[in-house]
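Asks: First the structure, which I've put down as structure tokens, then a few questions once you've had a look.
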Amino acid sequence: MTPGPPVIRLTADHIVPCEGTGDIIGDGAIDIDAGGRIVAVGPEVELGPEPEVAHRLGGLLMPGLINAHAHTPMTLVRSAGDGLPLQQWLQDGVWPREARMTPEDAWWGMSLGSAEMLLAGVTTSCEMYLFEEAVVDAVNHSGARLVITPGVIAALLADGDVAARIEEIADFHRSHHRPEERITVGFAPHSVYDLSPEQCGEIAARAKASDALFHIHLEETEAERALVLDRHGRSATQVLADVGVLEARVLAAHGVWLDETDRRLLAEAGAAVAHCPQSNLKLGSGIAPVAELLAAGVRVGVGTDGVASNDDLDLWEELKLAPLLARGVGRDPQAMDTVCALDLATRSAAQSIGLADVGHLRPGAWADIIRIDTDQPAFSPGLDLLTHLVFAGSSRFVTDVWVAGRRVVDGGTLTSVDVGRCVDEVTKRGRRLAGR
Ligand SMILES: [Zn+2]
């Protein structure tokens with residue numbers, strides 16, 4: 001997409017474009033066109049004449065963070081089932097409450113979560129959830145960017161009619177897939193342990209036919225790996241490979257228990273893994289072998305997962321945990337550098353969920369941009385900004401957020417959503433779902 005003439009200029013002390021190089025532009029500027037795309041990025045002195053509107057911001061500008069795996073309406077069930085292992089957590093803690101959820105509940109849950117993410121500088125999330133209409137509508141209001149992958153969960157289908165649900169999602173793709181309007185649609189079979197290999201293969205064929213994302217939970221717990229090995233005599237990744245799933249554009253969430261053969265299969269297929277370290281730690285699932293995945297050539301993005309296993313949508317925590325865990329587990333301070341860590345929450349995360357023109361700042365990309373207040377103790381002495389961002393950075397330093405050139409957070413205030421109202425609604429509705 002060729003951008004038009006610039007209409008807005010943002011200037012800052014530093015710009016971190018997140019092109020995977022670690023470059024930092026001093027006294028930089030970003031020009032944005034009327035359609036919300038970036039026209040130019042660079043030192044201000046090298047850009048053309050100033051457009052009519054210029055915001056001289058100071059601080060640091062970088063791309064909005066990308067949450068590669070989320071179930072955001074679960075703000076309604078935040079804290080449910082704490083202390084339970086995954087299967088019991090789902091069956092006893094989460095699913096009974098979700099079974100009482102209405103589309104209106106999901107709308108409020110998504111609205112609150114979208115607000116929470118935008119205020120934290122997370123401009124895009126890849127959502128795996130039911131109630132897809134409500135999720136899209138809530139994000140249309142909040143102004144965030146969304147990859148919605150409606151879920152297929154056999155265990156929760158009252159009539160057990162998986163084929164009808166697949167048809168429903170294909171229809172939804174036709175009616176709602178609007179990348180130019182911030183909404184991208186994919187397919188989300190829950191897991192290999194919930195669906196048959198044939199059902200996974202059918203969903204992958206549908207996803208492939210519409211060039212849509214195939215988003216699945218994969219190898220989250222040791223018990224899940226054992227169950228699939230017992231049932232199919234091979235790993236979940238091998239099961240997916242055998243029915244042709246890996247020919248689709250695959251995003252596998254978690255990947256904690258992937259072995260070397262699985263990692264090779266995913267790398268060869270160009271599949272991506274959504275690394276959700278905080279969720280994996282909270283549920284006691286383990287620690288994904290991220291350094292090994294990256295070394296094998298698998299694309300990785302970080303995700304929060306649902307808030308009942310996190311318990312928030314603050315992706316800065318994943319951005320910090322990914323290198324800390326890789327270094328700690330590998331007993332190697334070079335296991336993941338700060339450029340790679342930032343990449344996992346920006347450009348690489350965007351590519352993992354099928355978006356090429358967000359997650360980095362370059363001409364032609366969407367103007368999904370956040371401003372960080374670097375006039376803070378945590379950014380002093382400012383000698384290594386990338387290290388400050390990854391290890392001392394935080395959502396609390398995010399002051400302003402633009403999505404497609406529209407300022408949705410202005411000086412720390414969300415302009416699109418009434419956050420207080422969302423909190424009241426989710427509090428009331430969350431209590432009802434919990435039977436209180
Ligand atoms: Zn998940």
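Residues in the structure tokens are named by chain (A, B, ... in the order shown) and by number from 1 within that chain; ligands are numbered from 1 in the order shown.
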If you count only C-alpha atoms, which residues fall within 10 Å of Glu318 of chain A, apart from same-chain ones fewer than 2 positions away, as a compact mmCIF listing (two decimals) with C-alpha atoms, in the first residue's frame?
Replies:
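For reference, around_39.txt as written:
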# COMPACT_ATOMS: atom_id res chain seq x y z
CA ASN A 67 -0.44 -9.86 21.85
CA HIS A 275 4.91 -18.03 23.73
CA CYS A 276 2.84 -17.36 26.86
CA PRO A 277 5.38 -17.62 29.69
CA GLN A 278 3.32 -16.04 32.45
CA SER A 279 0.29 -18.25 31.80
CA GLY A 301 5.54 -14.03 19.29
CA VAL A 302 4.61 -13.49 22.92
CA GLY A 303 1.05 -13.65 24.24
CA THR A 304 -0.73 -13.17 27.53
CA ASN A 310 -2.10 -14.59 33.85
CA LEU A 313 -3.20 -8.25 29.73
CA ASP A 314 0.04 -6.38 30.37
CA LEU A 315 2.31 -7.74 27.62
CA TRP A 316 5.33 -5.87 29.04
CA LYS A 320 10.52 -9.22 30.11
CA LEU A 321 9.83 -12.84 31.12
CA ALA A 322 10.78 -14.28 27.70
CA PRO A 323 14.47 -13.31 27.90
CA LEU A 324 14.67 -13.83 31.68
CA ALA A 341 12.99 -9.88 23.11
CA LEU A 344 8.92 -11.17 20.02
CA ALA A 345 6.46 -8.51 21.23
CA VAL A 390 13.02 -4.66 28.07
Asks: Collect all residues with atoms no farther than 8 Å from ligand 1, counting only C-alpha atoms and all ligand atoms, and output them as a compact mmCIF listing (two decimals) with N, CA and C atoms, in the first residue's frame.
Replies:
# COMPACT_ATOMS: atom_id res chain seq x y z
N HIS A 69 -1.53 -14.21 21.51
CA HIS A 69 -2.50 -15.25 21.92
C HIS A 69 -3.28 -14.77 23.14
N ALA A 70 -4.57 -14.56 22.94
CA ALA A 70 -5.40 -14.05 24.04
C ALA A 70 -6.81 -14.59 23.94
N HIS A 71 -7.48 -14.58 25.08
CA HIS A 71 -8.92 -14.88 25.16
C HIS A 71 -9.50 -13.74 25.99
N MET A 128 -8.64 -15.89 20.45
CA MET A 128 -9.30 -17.18 20.25
C MET A 128 -10.47 -17.21 21.23
N HIS A 217 -4.21 -24.48 20.27
CA HIS A 217 -3.39 -24.76 21.45
C HIS A 217 -2.58 -26.02 21.16
N ALA A 253 -0.29 -22.07 19.99
CA ALA A 253 -0.11 -21.41 21.28
C ALA A 253 0.56 -22.35 22.27
N HIS A 254 1.52 -21.84 22.98
CA HIS A 254 2.25 -22.47 24.10
C HIS A 254 3.48 -23.25 23.65
N ASP A 305 -2.18 -15.02 26.83
CA ASP A 305 -3.20 -16.04 27.07
C ASP A 305 -4.38 -15.35 27.77
N GLY A 306 -5.36 -16.11 28.22
CA GLY A 306 -6.53 -15.50 28.87
C GLY A 306 -6.15 -14.94 30.24
Asks: Tell me, as a CSV table (one decimal) with C-alpha atoms, in the first residue's frame, which residues lie within 8 Å of segment 176-187 of chain A, counting only C-alpha atoms; anything in the same chain fewer than 4 positions away does not count.
Replies:
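Output below, filename result30.csv:
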chain,number,residue,atom,x,y,z
A,136,VAL,CA,-15.5,-7.6,16.8
A,144,ALA,CA,-7.8,-1.5,18.7
A,145,ARG,CA,-6.6,-3.8,15.9
A,146,LEU,CA,-7.9,-7.4,16.1
A,147,VAL,CA,-7.2,-10.8,14.7
A,148,ILE,CA,-10.3,-12.8,15.7
A,149,THR,CA,-10.1,-16.6,15.4
A,150,PRO,CA,-13.5,-18.0,16.5
A,151,GLY,CA,-13.0,-21.1,18.5
A,152,VAL,CA,-14.1,-24.7,17.7
A,169,ILE,CA,-16.8,-19.5,11.0
A,172,PHE,CA,-18.1,-15.2,9.6
A,203,ILE,CA,-10.5,-26.7,9.5
A,207,ALA,CA,-8.3,-21.8,6.6
A,212,ALA,CA,-6.6,-17.4,7.1
A,213,LEU,CA,-4.8,-18.1,10.2
A,214,PHE,CA,-5.1,-21.6,11.8
A,215,HIS,CA,-4.7,-20.9,15.5
Asks: Can you work out which one of A:Ala115, A:Leu293, A:Ile166, A:Val358 has the shortest atom-to-atom distance to Asp418 of chain A, counting only C-alpha atoms?
Replies: A:Ala115
Asks: If you run DSSP on this backbone, which residues of segment 57-186 of chain A come out as helix (DSSP H, G or I), and could you give them as JSON, numbers by chain?
Replies: {"A": [72, 73, 74, 75, 76, 77, 86, 87, 88, 89, 90, 91, 92, 93, 94, 95, 96, 97, 98, 103, 104, 105, 106, 107, 108, 109, 110, 111, 112, 113, 114, 115, 116, 117, 118, 119, 132, 133, 134, 135, 136, 137, 138, 139, 140, 141, 142, 154, 155, 156, 162, 163, 164, 165, 166, 167, 168, 169, 170, 171, 172, 173, 174, 175, 176, 179, 180, 181]}
Asks: Near segment 88-103 of chain A, counting only C-alpha atoms, which residues have an atom at most 9 Å away, once you skip same-chain residues fewer than 2 positions from it, shown as JSON, numbers by chain?
Replies: {"A": [74, 76, 77, 80, 81, 82, 83, 84, 85, 86, 105, 106, 107, 108, 130, 131, 132, 133, 134, 135, 156, 283, 308, 429, 430, 432, 433, 434, 435]}
Asks: Any chance you can output those residues with N, CA and C atoms as a CSV table (one decimal), in the first residue's frame?
Replies:
chain,number,residue,atom,x,y,z
A,74,MET,N,-12.2,-13.1,28.7
A,74,MET,CA,-12.1,-13.8,30.0
A,74,MET,C,-11.8,-12.9,31.2
A,76,LEU,N,-13.9,-11.4,32.4
A,76,LEU,CA,-15.1,-11.7,33.2
A,76,LEU,C,-14.8,-12.9,34.2
A,77,VAL,N,-13.8,-13.7,33.9
A,77,VAL,CA,-13.6,-14.8,34.8
A,77,VAL,C,-12.2,-14.7,35.4
A,80,ALA,N,-10.5,-17.1,38.2
A,80,ALA,CA,-11.2,-18.3,38.4
A,80,ALA,C,-10.2,-19.5,38.5
A,81,GLY,N,-10.5,-20.4,39.4
A,81,GLY,CA,-9.8,-21.7,39.4
A,81,GLY,C,-8.3,-21.6,39.8
A,82,ASP,N,-7.9,-20.5,40.5
A,82,ASP,CA,-6.5,-20.4,40.8
A,82,ASP,C,-6.0,-21.6,41.6
A,83,GLY,N,-4.9,-22.1,41.2
A,83,GLY,CA,-4.2,-23.2,41.9
A,83,GLY,C,-4.5,-24.6,41.3
A,84,LEU,N,-5.4,-24.6,40.3
A,84,LEU,CA,-5.8,-25.9,39.7
A,84,LEU,C,-4.9,-26.2,38.5
A,85,PRO,N,-4.6,-27.5,38.2
A,85,PRO,CA,-3.9,-27.8,36.9
A,85,PRO,C,-4.8,-27.6,35.7
A,86,LEU,N,-4.2,-27.5,34.5
A,86,LEU,CA,-5.0,-27.0,33.3
A,86,LEU,C,-6.3,-27.7,33.1
A,105,ASP,N,-22.4,-10.1,27.8
A,105,ASP,CA,-21.3,-10.3,28.8
A,105,ASP,C,-20.0,-10.2,28.0
A,106,ALA,N,-19.8,-11.0,27.0
A,106,ALA,CA,-18.6,-11.1,26.2
A,106,ALA,C,-18.2,-9.7,25.7
A,107,TRP,N,-19.2,-8.9,25.2
A,107,TRP,CA,-19.0,-7.6,24.7
A,107,TRP,C,-18.3,-6.7,25.8
A,108,TRP,N,-18.9,-6.8,27.0
A,108,TRP,CA,-18.3,-6.0,28.1
A,108,TRP,C,-16.9,-6.5,28.5
A,130,LEU,N,-15.2,-17.7,21.6
A,130,LEU,CA,-16.5,-17.8,21.1
A,130,LEU,C,-17.1,-16.3,21.1
A,131,PHE,N,-18.3,-16.2,20.8
A,131,PHE,CA,-19.0,-14.8,20.8
A,131,PHE,C,-18.3,-13.9,19.8
A,132,GLU,N,-17.9,-14.4,18.7
A,132,GLU,CA,-17.0,-13.5,17.8
A,132,GLU,C,-17.7,-12.2,17.3
A,133,GLU,N,-19.0,-12.2,17.2
A,133,GLU,CA,-19.7,-11.0,16.8
A,133,GLU,C,-19.4,-9.9,17.9
A,134,ALA,N,-19.6,-10.3,19.1
A,134,ALA,CA,-19.5,-9.4,20.2
A,134,ALA,C,-18.0,-8.9,20.3
A,135,VAL,N,-17.1,-9.8,20.1
A,135,VAL,CA,-15.7,-9.4,20.2
A,135,VAL,C,-15.3,-8.4,19.1
A,156,LEU,N,-17.5,-28.2,24.2
A,156,LEU,CA,-18.5,-27.2,24.6
A,156,LEU,C,-19.7,-27.1,23.6
A,283,LEU,N,-0.1,-21.6,35.6
A,283,LEU,CA,-0.8,-22.9,35.7
A,283,LEU,C,0.2,-24.1,35.9
A,308,ALA,N,-7.5,-15.4,33.1
A,308,ALA,CA,-7.7,-16.2,34.2
A,308,ALA,C,-6.4,-17.0,34.5
A,429,ARG,N,-21.2,-8.5,36.2
A,429,ARG,CA,-21.4,-9.7,35.3
A,429,ARG,C,-20.5,-10.8,35.8
A,430,GLY,N,-19.3,-10.5,36.2
A,430,GLY,CA,-18.3,-11.5,36.6
A,430,GLY,C,-18.8,-12.2,37.9
A,432,ARG,N,-22.0,-12.5,38.7
A,432,ARG,CA,-23.1,-13.4,38.3
A,432,ARG,C,-22.6,-14.7,37.7
A,433,LEU,N,-21.6,-14.6,36.8
A,433,LEU,CA,-21.1,-15.9,36.2
A,433,LEU,C,-20.5,-16.8,37.3
A,434,ALA,N,-19.9,-16.2,38.4
A,434,ALA,CA,-19.4,-17.0,39.4
A,434,ALA,C,-20.4,-17.5,40.4
A,435,GLY,N,-21.7,-17.1,40.2
A,435,GLY,CA,-22.8,-17.6,41.0
A,435,GLY,C,-22.8,-16.9,42.4
Asks: Write out as a list of chain:residue names the set of residues from segment 184-252 of chain A that DSSP, computed on the backbone, places in strand (DSSP E or B).
Replies: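 Assigned to strand (DSSP E or B), within segment 184-252 of chain A: A:Thr184, A:Val185, A:Phe187, A:Ala188, A:Pro189, A:Ser191, A:Leu213, A:Phe214, A:His215, A:Ile216, A:His217, A:Leu218, A:Arg249, A:Val250, A:Leu251, A:Ala252.
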Asks: If you measure from atom CA of Arg362 of chain A to atom CA of Glu19 of chain A, what distance in Å do you get, rounded to one decimal?
Replies: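 Computing the Euclidean distance for atom CA of Arg362 of chain A and atom CA of Glu19 of chain A yields 8.3 Å.
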Asks: Please indicate the distance in Å from atom CA of Val45 of chain A to atom CA of Leu385 of chain A, rounded to one decimal place.
Replies: 21.8 Å
Asks: Measure the distance from atom CA of Ala392 of chain A to atom CA of Val329 of chain A in Å and round it to one decimal.
Replies: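 Pair atom CA of Ala392 of chain A / atom CA of Val329 of chain A returns 20.7 Å.
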Asks: Counting only C-alpha atoms, which residue out of A:Gly143, A:Leu386, A:Leu266, A:Thr346 sits closest to Ile24 of chain A?
Replies: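 With only C-alpha atoms as the atom set, the closest residue is A:Leu386.
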Asks: A:Thr374, A:Thr399, A:Thr11, A:Ser235: which is nearest Leu47 of chain A, counting only C-alpha atoms?
Replies: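 Of A:Thr374, A:Thr399, A:Thr11, A:Ser235, the one nearest Leu47 of chain A is A:Thr11, counting only C-alpha atoms.
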